[in-house]
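*Asks:* Sharing work-v1.txt here; it has compact mmCIF, C-alpha atoms.
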```
# COMPACT_ATOMS: atom_id res chain seq x y z
CA MET X 1 14.65 -23.00 -54.79
CA THR X 2 18.31 -23.22 -53.95
CA ALA X 3 19.29 -20.34 -56.21
CA ALA X 4 17.02 -18.01 -54.30
CA MET X 5 18.71 -18.84 -50.99
CA ASP X 6 20.79 -15.92 -49.90
CA GLU X 7 24.15 -16.43 -48.25
CA ASP X 8 23.02 -15.28 -44.81
CA SER X 9 20.15 -17.75 -44.69
CA ARG X 10 22.55 -20.53 -45.61
CA LEU X 11 25.04 -19.64 -42.90
CA LEU X 12 22.26 -19.36 -40.35
CA LEU X 13 20.94 -22.74 -41.50
CA HIS X 14 24.29 -24.38 -40.74
CA ALA X 15 24.38 -22.66 -37.36
CA TYR X 16 20.82 -23.87 -36.74
CA VAL X 17 21.70 -27.49 -37.53
CA ASP X 18 24.73 -27.14 -35.25
CA GLY X 19 22.59 -25.89 -32.37
CA GLU X 20 24.46 -22.59 -32.34
CA LEU X 21 21.53 -20.20 -32.65
CA ASP X 22 19.80 -18.43 -29.81
CA PRO X 23 16.09 -19.24 -29.44
CA ALA X 24 14.93 -16.15 -31.36
CA HIS X 25 17.08 -16.86 -34.41
CA ALA X 26 16.28 -20.58 -34.23
CA LEU X 27 12.57 -19.77 -34.41
CA GLU X 28 13.19 -17.53 -37.39
CA VAL X 29 15.06 -20.29 -39.23
CA GLU X 30 12.28 -22.75 -38.41
CA ARG X 31 9.78 -20.31 -39.88
CA GLN X 32 11.82 -20.02 -43.08
CA LEU X 33 12.24 -23.79 -43.24
CA SER X 34 8.51 -24.35 -43.18
CA ALA X 35 8.01 -21.81 -45.97
CA ASP X 36 10.94 -22.67 -48.25
CA ALA X 37 11.26 -26.19 -49.66
CA GLY X 38 14.71 -25.42 -51.08
CA LEU X 39 16.01 -24.39 -47.68
CA ALA X 40 14.47 -27.50 -46.10
CA ALA X 41 16.22 -29.65 -48.71
CA GLU X 42 19.51 -27.95 -47.85
CA ARG X 43 18.90 -28.72 -44.17
CA ASP X 44 18.34 -32.38 -45.08
CA ARG X 45 21.62 -32.41 -46.99
CA ILE X 46 23.54 -30.87 -44.08
CA GLU X 47 22.05 -33.34 -41.64
CA ALA X 48 22.74 -36.26 -43.97
CA LEU X 49 26.38 -35.17 -44.25
CA ARG X 50 26.75 -34.73 -40.49
CA ARG X 51 25.27 -38.20 -39.89
CA LEU X 52 27.54 -39.65 -42.55
CA ILE X 53 30.61 -38.17 -40.86
CA GLN X 54 29.52 -39.20 -37.39
CA GLU X 55 28.47 -42.73 -38.25
CA ARG X 56 30.75 -43.87 -41.07
CA LEU X 57 33.97 -41.92 -40.84
CA PRO X 58 36.56 -44.07 -39.03
CA ARG X 59 37.55 -42.47 -35.73
CA GLU X 60 41.17 -41.51 -35.26
CA THR X 61 42.37 -42.91 -31.98
CA ALA X 62 45.76 -42.06 -30.54
CA PRO X 63 48.17 -44.93 -31.20
CA PRO X 64 48.99 -46.93 -28.03
CA GLY X 65 52.62 -45.82 -28.00
CA LEU X 66 51.85 -42.12 -28.18
CA ALA X 67 51.32 -41.55 -24.47
CA ALA X 68 54.65 -43.25 -23.78
CA ARG X 69 56.38 -41.09 -26.38
CA VAL X 70 54.94 -37.97 -24.81
CA GLU X 71 56.07 -39.10 -21.38
CA ALA X 72 59.55 -39.69 -22.73
CA ALA X 73 59.56 -36.29 -24.39
CA ILE X 74 58.49 -34.59 -21.17
CA GLY X 75 61.17 -36.57 -19.37
CA ARG X 76 63.76 -34.93 -21.64
CA ALA X 77 62.35 -31.47 -20.96
CA PRO X 78 64.67 -28.88 -19.38
CA PRO X 79 66.29 -30.45 -16.30
CA SER X 80 65.42 -27.46 -14.13
CA GLN X 81 61.82 -28.53 -14.58
CA LEU X 82 62.41 -31.97 -13.17
CA GLY X 83 63.54 -33.33 -9.88
CA PRO X 84 65.94 -36.31 -9.45
CA SER X 85 63.24 -38.75 -10.28
CA GLY X 86 63.00 -41.94 -12.22
CA LYS X 87 60.41 -42.70 -9.57
CA ARG X 88 58.31 -39.68 -10.33
CA LEU X 89 58.23 -40.51 -14.01
CA SER X 90 56.95 -44.00 -13.35
CA SER X 91 54.16 -42.80 -11.08
CA PHE X 92 53.41 -40.18 -13.68
CA GLY X 93 53.04 -42.97 -16.23
CA SER X 94 50.71 -45.12 -14.23
CA SER X 95 48.40 -42.31 -13.26
CA TRP X 96 48.24 -41.22 -16.89
CA ARG X 97 47.01 -44.67 -17.81
CA ALA X 98 44.43 -44.48 -15.04
CA LEU X 99 43.30 -41.15 -16.45
CA ALA X 100 43.07 -42.56 -19.93
CA ALA X 101 40.99 -45.43 -18.66
CA SER X 102 38.29 -43.24 -17.19
CA PHE X 103 38.01 -39.70 -18.36
CA VAL X 104 35.46 -38.38 -15.94
CA THR X 105 36.16 -39.80 -12.53
CA ALA X 106 35.79 -38.14 -9.19
CA ALA X 107 39.55 -38.36 -8.74
CA PHE X 108 40.16 -36.48 -11.96
CA LEU X 109 37.58 -33.86 -11.10
CA ALA X 110 39.20 -33.38 -7.74
CA SER X 111 42.71 -33.07 -9.13
CA GLY X 112 42.20 -31.34 -12.42
CA THR X 113 39.02 -29.82 -13.64
CA THR X 114 37.91 -28.33 -10.36
CA TRP X 115 41.04 -26.29 -10.32
CA LEU X 116 40.32 -25.15 -13.86
CA VAL X 117 36.86 -24.07 -12.91
CA LEU X 118 37.41 -22.58 -9.52
CA ARG X 119 40.25 -20.36 -10.61
CA PRO X 120 39.16 -18.95 -13.92
CA ASN X 121 41.60 -16.75 -15.81
CA LEU X 122 43.17 -14.96 -12.89
CA SER X 123 45.45 -13.21 -15.34
CA GLU X 124 42.45 -11.62 -17.01
CA PRO X 125 41.44 -8.71 -14.81
CA SER X 126 37.94 -8.11 -16.10
CA LEU X 127 35.73 -11.16 -16.18
CA SER X 128 32.22 -10.17 -17.13
CA PRO X 129 29.56 -10.81 -14.46
CA ALA X 130 27.94 -13.37 -16.75
CA GLN X 131 31.28 -15.13 -17.15
CA GLU X 132 31.79 -15.19 -13.39
CA MET X 133 28.29 -16.54 -12.98
CA ALA X 134 28.97 -19.23 -15.58
CA ASP X 135 32.13 -20.24 -13.71
CA MET X 136 30.21 -20.53 -10.45
CA VAL X 137 27.44 -22.54 -12.11
CA VAL X 138 29.95 -24.99 -13.57
CA ALA X 139 31.72 -25.25 -10.21
CA SER X 140 28.41 -26.08 -8.52
CA HIS X 141 27.64 -28.68 -11.14
CA ILE X 142 31.04 -30.34 -10.67
CA ARG X 143 30.67 -30.31 -6.88
CA SER X 144 27.33 -32.07 -7.28
CA LEU X 145 28.94 -34.72 -9.49
CA MET X 146 31.57 -35.35 -6.80
CA ALA X 147 28.91 -35.78 -4.10
CA PRO X 148 27.47 -39.28 -3.57
CA GLN X 149 24.27 -38.08 -5.27
CA PRO X 150 23.88 -35.13 -7.64
CA ALA X 151 20.55 -34.28 -5.99
CA ASP X 152 19.61 -33.65 -2.34
CA VAL X 153 16.05 -34.71 -2.95
CA ALA X 154 16.05 -37.65 -5.35
CA SER X 155 12.73 -38.14 -7.07
CA SER X 156 11.32 -38.27 -10.56
CA ASP X 157 8.01 -36.96 -9.20
CA ARG X 158 7.77 -33.23 -9.66
CA HIS X 159 5.11 -33.11 -6.92
CA THR X 160 7.78 -34.35 -4.52
CA VAL X 161 10.60 -32.17 -5.82
CA LYS X 162 8.82 -28.81 -5.96
CA PRO X 163 7.54 -28.73 -2.33
CA TRP X 164 11.01 -29.75 -1.12
CA PHE X 165 12.24 -26.27 -2.09
CA ASN X 166 9.64 -24.50 0.05
CA GLY X 167 11.26 -22.64 2.91
CA LYS X 168 14.75 -23.26 1.52
CA VAL X 169 14.65 -20.66 -1.22
CA ILE X 170 12.51 -17.57 -1.68
CA GLU X 171 10.77 -18.94 -4.71
CA ALA X 172 10.38 -22.64 -5.55
CA PRO X 173 11.30 -23.20 -9.19
CA ARG X 174 9.05 -24.47 -11.92
CA VAL X 175 9.51 -28.25 -12.00
CA VAL X 176 8.63 -30.38 -15.02
CA ASP X 177 9.50 -33.97 -15.87
CA LEU X 178 10.96 -34.34 -19.35
CA GLY X 179 11.23 -38.15 -19.31
CA ASN X 180 9.23 -38.45 -22.53
CA GLU X 181 11.71 -36.13 -24.24
CA GLY X 182 14.68 -38.19 -23.07
CA PHE X 183 15.55 -36.02 -20.06
CA PRO X 184 14.07 -37.69 -16.96
CA LEU X 185 13.90 -35.65 -13.77
CA VAL X 186 16.31 -36.95 -11.13
CA GLY X 187 15.67 -34.53 -8.29
CA GLY X 188 16.69 -31.18 -6.89
CA ARG X 189 19.26 -29.47 -4.70
CA ILE X 190 20.23 -26.04 -3.43
CA ASP X 191 23.38 -24.43 -4.82
CA VAL X 192 24.96 -21.37 -3.31
CA ILE X 193 25.94 -18.95 -6.04
CA GLY X 194 27.67 -15.79 -4.85
CA ARG X 195 26.28 -16.30 -1.30
CA VAL X 196 22.71 -16.65 -2.59
CA PRO X 197 20.88 -20.00 -2.27
CA VAL X 198 19.64 -20.97 -5.73
CA PRO X 199 17.32 -23.89 -6.54
CA ALA X 200 18.83 -26.41 -8.93
CA LEU X 201 16.94 -29.15 -10.75
CA VAL X 202 18.78 -32.29 -11.79
CA TYR X 203 18.00 -34.14 -14.99
CA ARG X 204 19.61 -37.08 -16.69
CA HIS X 205 20.31 -37.67 -20.37
CA ARG X 206 21.67 -41.16 -21.06
CA GLN X 207 24.67 -41.35 -18.70
CA HIS X 208 24.99 -37.59 -18.31
CA VAL X 209 23.75 -35.31 -15.55
CA ILE X 210 22.24 -31.94 -16.39
CA SER X 211 21.98 -29.27 -13.70
CA LEU X 212 19.38 -26.56 -14.24
CA LEU X 213 19.69 -23.54 -11.96
CA ALA X 214 16.74 -21.18 -11.68
CA VAL X 215 17.78 -17.67 -10.65
CA PRO X 216 15.08 -15.02 -10.18
CA ALA X 217 15.97 -12.29 -12.68
CA GLY X 218 17.45 -9.18 -11.11
CA ASP X 219 19.47 -11.07 -8.53
CA VAL X 220 22.25 -11.58 -11.02
CA ARG X 221 23.68 -8.87 -13.19
CA GLY X 222 24.49 -9.37 -16.84
CA ALA X 223 22.82 -12.74 -17.21
CA VAL X 224 22.17 -12.46 -20.93
CA PRO X 225 20.85 -15.41 -22.95
CA GLU X 226 23.94 -17.12 -24.27
CA ARG X 227 25.81 -20.36 -24.63
CA ARG X 228 29.28 -21.08 -23.39
CA ALA X 229 31.66 -23.92 -22.81
CA ILE X 230 33.94 -24.05 -19.78
CA ALA X 231 36.42 -26.85 -19.22
CA GLY X 232 34.44 -29.23 -21.38
CA TYR X 233 31.05 -28.38 -19.91
CA ASN X 234 28.37 -26.77 -22.04
CA ILE X 235 26.32 -23.98 -20.51
CA LEU X 236 23.11 -22.59 -21.89
CA THR X 237 21.36 -19.55 -20.45
CA TRP X 238 17.92 -18.22 -21.14
CA THR X 239 15.29 -16.09 -19.43
CA GLN X 240 11.71 -17.21 -19.09
CA ASN X 241 8.92 -15.63 -17.03
CA GLY X 242 11.29 -13.51 -14.99
CA VAL X 243 13.64 -16.38 -14.18
CA VAL X 244 17.15 -16.77 -15.57
CA TYR X 245 17.85 -20.45 -16.26
CA TRP X 246 21.38 -21.86 -16.36
CA ALA X 247 21.66 -25.36 -17.80
CA VAL X 248 25.07 -27.01 -17.45
CA SER X 249 26.20 -30.47 -18.49
CA ASP X 250 28.81 -32.42 -20.38
CA VAL X 251 26.21 -33.49 -22.95
CA ALA X 252 26.78 -32.18 -26.48
CA ALA X 253 25.74 -28.57 -27.08
CA ALA X 254 22.97 -29.70 -29.44
CA ASP X 255 21.54 -32.03 -26.79
CA LEU X 256 21.60 -29.29 -24.20
CA GLU X 257 19.76 -27.13 -26.70
CA LYS X 258 17.13 -29.86 -27.07
CA PHE X 259 16.82 -30.04 -23.31
CA ALA X 260 16.32 -26.28 -23.06
CA THR X 261 13.69 -26.34 -25.80
CA ALA X 262 11.86 -29.22 -24.10
CA PHE X 263 11.93 -27.40 -20.77
CA ARG X 264 10.74 -24.13 -22.29
CA ASN X 265 7.90 -25.81 -24.13
CA ALA X 266 6.76 -28.13 -21.33
CA PRO X 267 3.34 -27.28 -19.84
CA ALA X 268 3.82 -25.83 -16.36
CA VAL Y 1 58.15 -28.88 -5.91
CA VAL Y 2 57.82 -26.72 -9.01
CA ALA Y 3 58.35 -29.76 -11.22
CA GLU Y 4 55.64 -31.68 -9.38
CA ASP Y 5 53.20 -28.82 -9.93
CA ASP Y 6 54.04 -28.58 -13.61
CA GLN Y 7 53.57 -32.29 -14.11
CA THR Y 8 50.32 -32.26 -12.17
CA ARG Y 9 49.02 -29.43 -14.28
CA PHE Y 10 50.25 -31.10 -17.46
CA ARG Y 11 48.45 -34.30 -16.46
CA ALA Y 12 45.22 -32.48 -15.70
CA VAL Y 13 45.27 -30.01 -18.57
CA VAL Y 14 46.96 -31.71 -21.53
CA LEU Y 15 46.77 -35.49 -21.27
CA PRO Y 16 42.95 -35.84 -21.27
CA HIS Y 17 42.93 -34.26 -24.74
CA LEU Y 18 45.79 -36.21 -26.31
CA ALA Y 19 43.49 -38.21 -28.61
CA ASP Y 20 41.85 -35.02 -29.89
CA ALA Y 21 45.25 -33.48 -30.54
CA TYR Y 22 46.34 -36.57 -32.43
CA ALA Y 23 43.17 -36.62 -34.56
CA LEU Y 24 43.62 -32.98 -35.56
CA ALA Y 25 47.30 -33.54 -36.38
CA ARG Y 26 46.37 -36.63 -38.38
CA TRP Y 27 43.90 -34.68 -40.51
CA LEU Y 28 46.25 -31.74 -40.99
CA THR Y 29 49.39 -33.71 -41.89
CA GLY Y 30 47.63 -36.61 -43.62
CA SER Y 31 50.04 -39.09 -42.06
CA ALA Y 32 49.91 -41.18 -38.90
CA THR Y 33 53.67 -41.03 -38.30
CA ASP Y 34 53.89 -37.29 -38.87
CA ALA Y 35 50.87 -36.76 -36.64
CA GLU Y 36 52.71 -38.48 -33.80
CA ASP Y 37 55.69 -36.20 -34.27
CA VAL Y 38 53.47 -33.15 -34.35
CA VAL Y 39 51.62 -34.17 -31.18
CA GLN Y 40 54.86 -34.89 -29.38
CA GLU Y 41 56.19 -31.47 -30.35
CA ALA Y 42 52.90 -29.84 -29.32
CA CYS Y 43 52.98 -31.59 -25.94
CA LEU Y 44 56.52 -30.36 -25.35
CA ARG Y 45 55.41 -26.82 -26.13
CA ALA Y 46 52.39 -27.26 -23.87
CA PHE Y 47 54.58 -28.57 -21.04
CA ARG Y 48 57.00 -25.66 -21.37
CA GLY Y 49 54.09 -23.23 -21.48
CA ILE Y 50 52.03 -24.86 -18.75
CA GLN Y 51 52.81 -22.14 -16.23
CA GLY Y 52 51.46 -19.55 -18.62
CA TYR Y 53 48.22 -21.46 -19.06
CA ALA Y 54 45.63 -19.24 -17.44
CA GLY Y 55 42.76 -21.69 -17.09
CA GLY Y 56 39.75 -21.95 -19.33
CA ASN Y 57 39.14 -24.38 -22.13
CA ALA Y 58 42.00 -26.89 -21.93
CA ARG Y 59 41.03 -28.81 -25.06
CA ALA Y 60 40.90 -25.64 -27.18
CA TRP Y 61 44.23 -24.57 -25.69
CA LEU Y 62 45.94 -27.84 -26.61
CA LEU Y 63 44.32 -27.91 -30.06
CA THR Y 64 45.59 -24.38 -30.69
CA ILE Y 65 49.14 -25.47 -29.86
CA THR Y 66 48.77 -28.65 -31.90
CA ARG Y 67 47.48 -26.72 -34.90
CA HIS Y 68 50.43 -24.37 -34.66
CA ALA Y 69 52.87 -27.28 -34.46
CA ALA Y 70 51.16 -28.91 -37.44
CA PHE Y 71 51.46 -25.73 -39.49
CA THR Y 72 55.13 -25.47 -38.64
CA TRP Y 73 55.50 -29.04 -39.81
CA LEU Y 74 53.55 -28.35 -43.01
CA ALA Y 75 55.68 -25.31 -43.75
CA LYS Y 76 58.80 -27.47 -43.44
CA ASN Y 77 57.57 -30.55 -45.24
CA ARG Y 78 54.70 -29.77 -47.56
CA SER Y 79 55.35 -26.96 -49.98
CA SER Y 80 52.06 -27.61 -51.77
CA ALA Y 81 50.06 -27.09 -48.59
CA LEU Y 82 52.25 -24.11 -47.75
CA VAL Y 83 50.56 -21.99 -50.39
CA VAL Y 84 47.29 -22.39 -48.61
CA VAL Y 85 48.74 -21.99 -45.15
CA ASP Y 86 50.59 -18.84 -46.07
CA ASP Y 87 47.64 -17.16 -47.66
CA LEU Y 88 44.45 -18.17 -45.95
CA GLU Y 89 42.50 -15.30 -47.40
CA GLU Y 90 43.50 -16.23 -50.94
CA ALA Y 91 42.29 -19.75 -50.29
CA GLU Y 92 39.12 -18.33 -48.84
CA ARG Y 93 38.47 -16.29 -51.98
CA LYS Y 94 39.14 -19.27 -54.20
CA GLY Y 95 36.81 -21.23 -52.01
CA ILE Y 96 34.04 -18.70 -52.44
CA SER Y 97 34.17 -18.69 -56.22
CA HIS Y 98 34.52 -22.45 -56.31
CA GLY Y 99 31.63 -22.89 -53.87
CA LEU Y 100 29.33 -20.66 -55.88
CA GLN Y 101 30.19 -22.43 -59.11
CA MET Y 102 28.99 -25.71 -57.70
CA GLU Y 103 25.55 -24.32 -57.22
CA PRO Y 104 22.72 -24.46 -57.68
CA SER Y 105 22.27 -27.19 -60.27
CA ASN Y 106 24.69 -29.70 -58.76
CA THR Y 107 23.27 -30.00 -55.26
CA PRO Y 108 22.69 -33.70 -54.68
CA GLU Y 109 19.74 -35.27 -52.92
CA ALA Y 110 20.16 -35.88 -49.18
CA ALA Y 111 19.53 -39.60 -49.80
CA LEU Y 112 22.52 -39.72 -52.16
CA ILE Y 113 24.74 -38.15 -49.48
CA ALA Y 114 23.44 -40.54 -46.83
CA LYS Y 115 24.57 -43.65 -48.70
CA ALA Y 116 28.00 -42.33 -49.66
CA ASP Y 117 31.05 -44.50 -49.24
CA ALA Y 118 33.18 -43.98 -46.12
CA SER Y 119 36.52 -44.09 -47.95
CA LEU Y 120 35.22 -41.59 -50.51
CA LEU Y 121 34.23 -39.33 -47.64
CA GLN Y 122 37.62 -39.70 -46.03
CA SER Y 123 39.52 -38.77 -49.19
CA ALA Y 124 37.11 -35.91 -49.92
CA ILE Y 125 37.87 -34.40 -46.50
CA ALA Y 126 41.60 -34.94 -47.02
CA GLN Y 127 41.40 -33.02 -50.31
CA LEU Y 128 39.74 -29.94 -48.80
CA PRO Y 129 42.01 -26.88 -48.61
CA VAL Y 130 43.50 -26.62 -45.13
CA PRO Y 131 41.31 -23.75 -43.82
CA PHE Y 132 38.14 -25.60 -44.81
CA ARG Y 133 39.45 -28.97 -43.67
CA GLU Y 134 40.46 -27.86 -40.19
CA THR Y 135 37.17 -26.05 -39.65
CA LEU Y 136 35.14 -29.07 -40.73
CA VAL Y 137 37.23 -31.52 -38.70
CA LEU Y 138 37.04 -29.40 -35.55
CA ARG Y 139 33.27 -29.11 -35.88
CA ASP Y 140 31.93 -32.31 -37.40
CA VAL Y 141 34.60 -34.81 -36.34
CA GLN Y 142 35.72 -33.37 -33.01
CA GLY Y 143 32.51 -31.62 -31.97
CA LEU Y 144 33.88 -28.20 -31.02
CA ASP Y 145 31.41 -25.34 -31.04
CA TYR Y 146 31.84 -22.24 -33.19
CA ARG Y 147 33.41 -20.16 -30.42
CA GLU Y 148 36.02 -22.80 -29.72
CA ILE Y 149 36.82 -23.18 -33.42
CA ALA Y 150 37.21 -19.41 -33.74
CA GLU Y 151 39.61 -19.52 -30.78
CA VAL Y 152 41.66 -22.42 -32.14
CA THR Y 153 41.89 -21.20 -35.74
CA LYS Y 154 42.21 -17.53 -34.76
CA VAL Y 155 39.51 -16.18 -37.05
CA PRO Y 156 36.19 -14.44 -36.32
CA ILE Y 157 33.09 -16.59 -35.83
CA GLY Y 158 31.67 -15.31 -39.13
CA THR Y 159 34.69 -16.76 -40.94
CA VAL Y 160 34.22 -20.06 -39.10
CA MET Y 161 30.62 -20.15 -40.30
CA SER Y 162 31.43 -19.43 -43.95
CA ARG Y 163 34.34 -21.89 -44.03
CA LEU Y 164 32.21 -24.59 -42.47
CA ALA Y 165 29.38 -23.98 -44.93
CA ARG Y 166 31.76 -24.10 -47.88
CA ALA Y 167 33.56 -27.19 -46.61
CA ARG Y 168 30.25 -28.99 -46.20
CA ARG Y 169 29.02 -27.96 -49.63
CA ARG Y 170 32.20 -29.26 -51.27
CA LEU Y 171 31.87 -32.55 -49.40
CA MET Y 172 28.23 -32.93 -50.40
CA ALA Y 173 29.18 -32.56 -54.03
CA SER Y 174 32.20 -34.90 -53.82
CA VAL Y 175 30.62 -37.74 -51.88
CA ALA Y 176 27.37 -37.83 -53.80
CA GLY Y 177 29.07 -38.88 -57.03
CA SER Y 178 30.93 -37.51 -59.99
CA GLU Y 179 27.88 -36.04 -61.69
CA ALA Y 180 27.66 -33.57 -58.80
CA ARG Y 181 31.16 -32.20 -59.37
CA ALA Y 182 31.67 -28.78 -60.82
```
Let me see the file written as structure tokens.
*Replies:*
Amino acid sequence: MTAAMDEDSRLLLHAYVDGELDPAHALEVERQLSADAGLAAERDRIEALRRLIQERLPRETAPPGLAARVEAAIGRAPPSQLGPSGKRLSSFGSSWRALAASFVTAAFLASGTTWLVLRPNLSEPSLSPAQEMADMVVASHIRSLMAPQPADVASSDRHTVKPWFNGKVIEAPRVVDLGNEGFPLVGGRIDVIGRVPVPALVYRHRQHVISLLAVPAGDVRGAVPERRAIAGYNILTWTQNGVVYWAVSDVAAADLEKFATAFRNAPA
Amino acid sequence: VVAEDDQTRFRAVVLPHLADAYALARWLTGSATDAEDVVQEACLRAFRGIQGYAGGNARAWLLTITRHAAFTWLAKNRSSALVVVDDLEEAERKGISHGLQMEPSNTPEAALIAKADASLLQSAIAQLPVPFRETLVLRDVQGLDYREIAEVTKVPIGTVMSRLARARRRLMASVAGSEARA
């Protein structure tokens, strides 16, 4: 019953519902859930509350005048920061509206996010190898989004996609279609990560693209199972059968978790 | 040339997250007008600091600045909230004892939570102490993950987890009806 629930189990339960647990801990929580009706009831309450907030709570949207007020405020910023430019401010304004109209456009990726991703924290001297890897994976994903097609071989047929990798990489990756789980296979491509060609599978979830890189373990140092977020992209890493998988997408972290679970559990 | 670079960076880094900044300011100040002032102040700080921005999570960066600007505003304008802001740990301790008191007998059924009224939910969130409110809003309204919330609110992930759990438990009790209140 609820009273018997210790504090740690409760905190882990919230983290489980939020998709924040690594696979080992998630399995442990699932085991406890199946054995403890009180804990399962608590999970139902948490999920009911999250749904309530997501579906009923009115969204706060920025008032229409806010962008203009910000522009005006920036315009009054220290004069040394600004050139002699009424003109610049007006072009600034129109491109801001264009940005607001479409958040993820190729133009924005080219001008903004790519820079964020390609030059990670130069002021921080010691990026961990896994962090560097994550940056490169996100950069590859963004490059693929900017290309006309996110995949070099476009097919939902895994028997077409898998042979395409032969001869291009040392080891063709495991290819499964997850269309029934809501993640249809789109195709595959080769990414170059730290000078090494790496097979990448491309999946789709609603309007979002998921890149799944399969790196033979040992080729990359420090690739520990972990989740990250870089510049708005979620990254999930896990190791399976000697391969380190890097999933990257702008889908919600929980959805990426579902994708990873579906991929892990799919029959080969 | 420098100005052009700063504005380009500001456009790329700050402006895409303006709505998120406004939503956080709105929840922290409780007022649409004050939220606009806070966001404007935060954007000015972000613009002045844009050259020091080292890359990484732009949304978390802007939300951190916005939160700071909101707290400055609260300190100036809301003495009642100031107590909480000035002594987060005290609030945390109060939260713990309060949270434990509500349990176990008053935990409502999930079905009761599911059909709760939206305006009741809104006012229940607004009444949460600031540390609980900001954690819940960042997670359940704005969709940040635990790491990002820890970064924005400057506390360890364990604290994020306990604040989130306590915020949710308080909301469950409030929205499911008066019989569930401690």
*Asks:* What residues in chain Y lie within 6 Å of chain X, counting all atoms listed in the file, written as JSON, numbers by chain?
*Replies:* {"Y": [3, 12, 19, 22, 23, 40, 54, 55, 56, 57, 104, 110, 114, 118]}
*Asks:* Suppose you want the space between atom CA of Y:Asp37 and atom CA of Y:Pro131; what is it in Å?
*Replies:* 21.3 Å
*Asks:* Quick one, how far is atom CA of X:Pro184 from atom CA of X:Phe259?
*Replies:*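 It comes out at 10.3 Å.
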*Asks:* Considering all atoms listed in the file, state which residue in the set X:Ala200, X:Pro216, X:Gly242, X:Leu236 is at the smallest distance from X:Glu171.
*Replies:*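 Counting all atoms listed in the file, the residue closest to X:Glu171 is X:Pro216.
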*Asks:* For X:Pro173, find every residue with an atom within 9 Å (counting all atoms listed in the file), except residues of its own chain fewer than 6 positions away, and show them as a tab-separated table (two decimals) with C-alpha atoms, in the frame of the given file.
*Replies:*
```tsv
chain	number	residue	atom	x	y	z
X	162	LYS	CA	8.82	-28.81	-5.96
X	165	PHE	CA	12.24	-26.27	-2.09
X	199	PRO	CA	17.32	-23.89	-6.54
X	200	ALA	CA	18.83	-26.41	-8.93
X	201	LEU	CA	16.94	-29.15	-10.75
X	213	LEU	CA	19.69	-23.54	-11.96
X	214	ALA	CA	16.74	-21.18	-11.68
X	215	VAL	CA	17.78	-17.67	-10.65
X	243	VAL	CA	13.64	-16.38	-14.18
```
*Asks:* Fewer than 3 positions away in the same chain doesn't count, so skip those; otherwise give me all residues within 9 Å of stretch 157-161 of chain X, counting all atoms listed in the file, as a list in words.
*Replies:*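 Counting only the stated atoms, we get Val153, Ala154, Trp164, Phe165, Val175, Val176, Asp177, Leu185, Val186, Gly187, Gly188 and Leu201 of chain X.
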*Asks:* Which is closer to Y:Val13 than all the others in Y:Arg45, Y:Arg166, Y:His68, Y:Arg59, using all atoms listed in the file?
*Replies:*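 Closest residue, counting all atoms listed in the file: Y:Arg59.
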*Asks:* At a cut-off of 10 Å, using only C-alpha atoms, what residues contact stretch 134-137 of chain Y? Leave out same-chain residues fewer than 2 positions from it and give the result as JSON, numbers by chain.
*Replies:* {"X": [53], "Y": [23, 24, 25, 27, 28, 67, 125, 126, 128, 129, 130, 131, 132, 139, 140, 141, 142, 143, 144, 146, 149, 150, 152, 153, 159, 160, 161, 162, 163, 164, 165, 166, 167, 168, 171]}
*Asks:* Store the residues picked out above, limited to C-alpha atoms, as a compact mmCIF listing (two decimals), keeping the file's coordinate frame.
*Replies:*
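And here is the file that came out, selection-v2.txt:
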```txt
# COMPACT_ATOMS: atom_id res chain seq x y z
CA ILE X 53 30.61 -38.17 -40.86
CA ALA Y 23 43.17 -36.62 -34.56
CA LEU Y 24 43.62 -32.98 -35.56
CA ALA Y 25 47.30 -33.54 -36.38
CA TRP Y 27 43.90 -34.68 -40.51
CA LEU Y 28 46.25 -31.74 -40.99
CA ARG Y 67 47.48 -26.72 -34.90
CA ILE Y 125 37.87 -34.40 -46.50
CA ALA Y 126 41.60 -34.94 -47.02
CA LEU Y 128 39.74 -29.94 -48.80
CA PRO Y 129 42.01 -26.88 -48.61
CA VAL Y 130 43.50 -26.62 -45.13
CA PRO Y 131 41.31 -23.75 -43.82
CA PHE Y 132 38.14 -25.60 -44.81
CA ARG Y 139 33.27 -29.11 -35.88
CA ASP Y 140 31.93 -32.31 -37.40
CA VAL Y 141 34.60 -34.81 -36.34
CA GLN Y 142 35.72 -33.37 -33.01
CA GLY Y 143 32.51 -31.62 -31.97
CA LEU Y 144 33.88 -28.20 -31.02
CA TYR Y 146 31.84 -22.24 -33.19
CA ILE Y 149 36.82 -23.18 -33.42
CA ALA Y 150 37.21 -19.41 -33.74
CA VAL Y 152 41.66 -22.42 -32.14
CA THR Y 153 41.89 -21.20 -35.74
CA THR Y 159 34.69 -16.76 -40.94
CA VAL Y 160 34.22 -20.06 -39.10
CA MET Y 161 30.62 -20.15 -40.30
CA SER Y 162 31.43 -19.43 -43.95
CA ARG Y 163 34.34 -21.89 -44.03
CA LEU Y 164 32.21 -24.59 -42.47
CA ALA Y 165 29.38 -23.98 -44.93
CA ARG Y 166 31.76 -24.10 -47.88
CA ALA Y 167 33.56 -27.19 -46.61
CA ARG Y 168 30.25 -28.99 -46.20
CA LEU Y 171 31.87 -32.55 -49.40
```
*Asks:* Just how far from atom CA of Y:Val175 is atom CA of Y:Lys115, in Å to one decimal?
*Replies:*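 Spanning atom CA of Y:Lys115 to atom CA of Y:Val175 is a straight-line distance of 9.0 Å.
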*Asks:* Please identify all polymer residues within 10 Å of Y:Glu41, counting all atoms listed in the file, omitting same-chain residues fewer than 2 positions from it, and present them as a PyMOL selection string.
*Replies:* (chain X and resi 70+73-74) or (chain Y and resi 35-39+43-47+65-66+69-70+73)
